[in-house]
Amino acid sequence: MGQTITLAFLAGVFGANGVPHFVRGITRETYPSAFGYGPVVNLVAGWLMFVLAAVAGYFAHPATHPLPAVAAIAAGVLAMGLFHAGPGAFGRKPPVGAAPEAGEATAPGGPVSAPRPSSR
């Protein structure tokens with residue numbers, strides 16, 4: 001059962017991590033990854049994460065212990081979601097000269113968020 005839980009957790013982590021990279025890659029937006037910020041790099045990284053998730057899920061043999069496998073996948077997805085929402089990829093600054101994110105304007109000091117409309 002330990003193998004099922006470990007590999008199912010990794011499948012959840014890899015699958016959840018693949019989503020933002022793959023989406024940013026196919027929408028041609030920059031996004032921080034271990035290999036760079038470009039869209040093609042992120043597309044390949046996201047695809048590779050999906051492949052790793054499938055391989056880990058296959059070797060987890062979830063049919064032998066279905067409840068622990070589902071719980072471990074869910075925990076892996078939650079762990080990666082918390083990473084991306086907290087100190088993870090969103091906390092990293094793009095390198096100097098990288099294109100600004102969608103919806104950001106550039107200023108002499110760097111990217112500036114677009115003003116929010118007032119709610120009156």
# chains A, B, ... in the order shown; residues from 1 in each chain; ligands from 1

call {"tool": "closest_atom_pairs", "arguments": {"of": "stretch 22-73 of chain A", "to": "stretch 77-86 of chain A", "cutoff": "10 Å", "atoms": "only C-alpha atoms", "output": "Markdown table"}}
result
| residue | atom | partner | partner_atom | distance |
| --- | --- | --- | --- | --- |
| A:Ala71 | CA | A:Val77 | CA | 10.0 |
| A:Ala72 | CA | A:Val77 | CA | 8.6 |
| A:Ile73 | CA | A:Val77 | CA | 6.2 |

call {"tool": "write_last_selection", "arguments": {"atoms": "C-alpha atoms", "output": "PDB file, in the first residue's frame"}}
result
ATOM      1  CA  ALA A  71      -6.813  10.377  -1.113  1.00  0.00           C
ATOM      2  CA  ALA A  72      -3.119  10.500  -2.056  1.00  0.00           C
ATOM      3  CA  ILE A  73      -3.875  11.973  -5.505  1.00  0.00           C
TER       4      ILE A  73
END

call {"tool": "residues_around", "arguments": {"residues": "A:His21", "least_positions_apart": "5", "cutoff": "8 Å", "atoms": "only C-alpha atoms", "output": "short mmCIF file (atom, residue, chain, number, x, y, z; two decimals) with N, CA and C atoms, in the first residue's frame"}}
result
data_model
loop_
_atom_site.label_atom_id
_atom_site.label_comp_id
_atom_site.auth_asym_id
_atom_site.auth_seq_id
_atom_site.Cartn_x
_atom_site.Cartn_y
_atom_site.Cartn_z
N TYR A 31 5.91 32.27 -18.10
CA TYR A 31 5.59 31.71 -16.80
C TYR A 31 6.88 31.09 -16.27
N SER A 33 9.47 28.59 -14.85
CA SER A 33 9.66 27.15 -14.70
C SER A 33 11.14 26.91 -14.42
N ASN A 42 7.48 26.05 -21.37
CA ASN A 42 6.38 25.71 -20.47
C ASN A 42 5.44 24.68 -21.07
N LEU A 43 5.21 24.75 -22.36
CA LEU A 43 4.37 23.74 -23.02
C LEU A 43 5.01 22.36 -22.85
N ALA A 45 7.28 21.47 -20.62
CA ALA A 45 7.31 21.11 -19.20
C ALA A 45 5.94 20.61 -18.74
N GLY A 46 4.87 21.26 -19.17
CA GLY A 46 3.53 20.81 -18.80
C GLY A 46 3.21 19.45 -19.37
#

call {"tool": "residues_around", "arguments": {"residues": "A:Thr30", "least_positions_apart": "5", "cutoff": "6 Å", "atoms": "only C-alpha atoms", "output": "list in words"}}
result
Tyr37, Gly38 and Pro39 of chain A

call {"tool": "closest_residue", "arguments": {"among": "A:Asn17, A:Ile5, A:Ala69, A:Gly76", "to": "A:Ala34", "atoms": "only C-alpha atoms"}}
result
A:Asn17

call {"tool": "atom_distance", "arguments": {"atom1": "atom CA of A:Val44", "atom2": "atom CA of A:Glu29"}}
result
13.4 Å
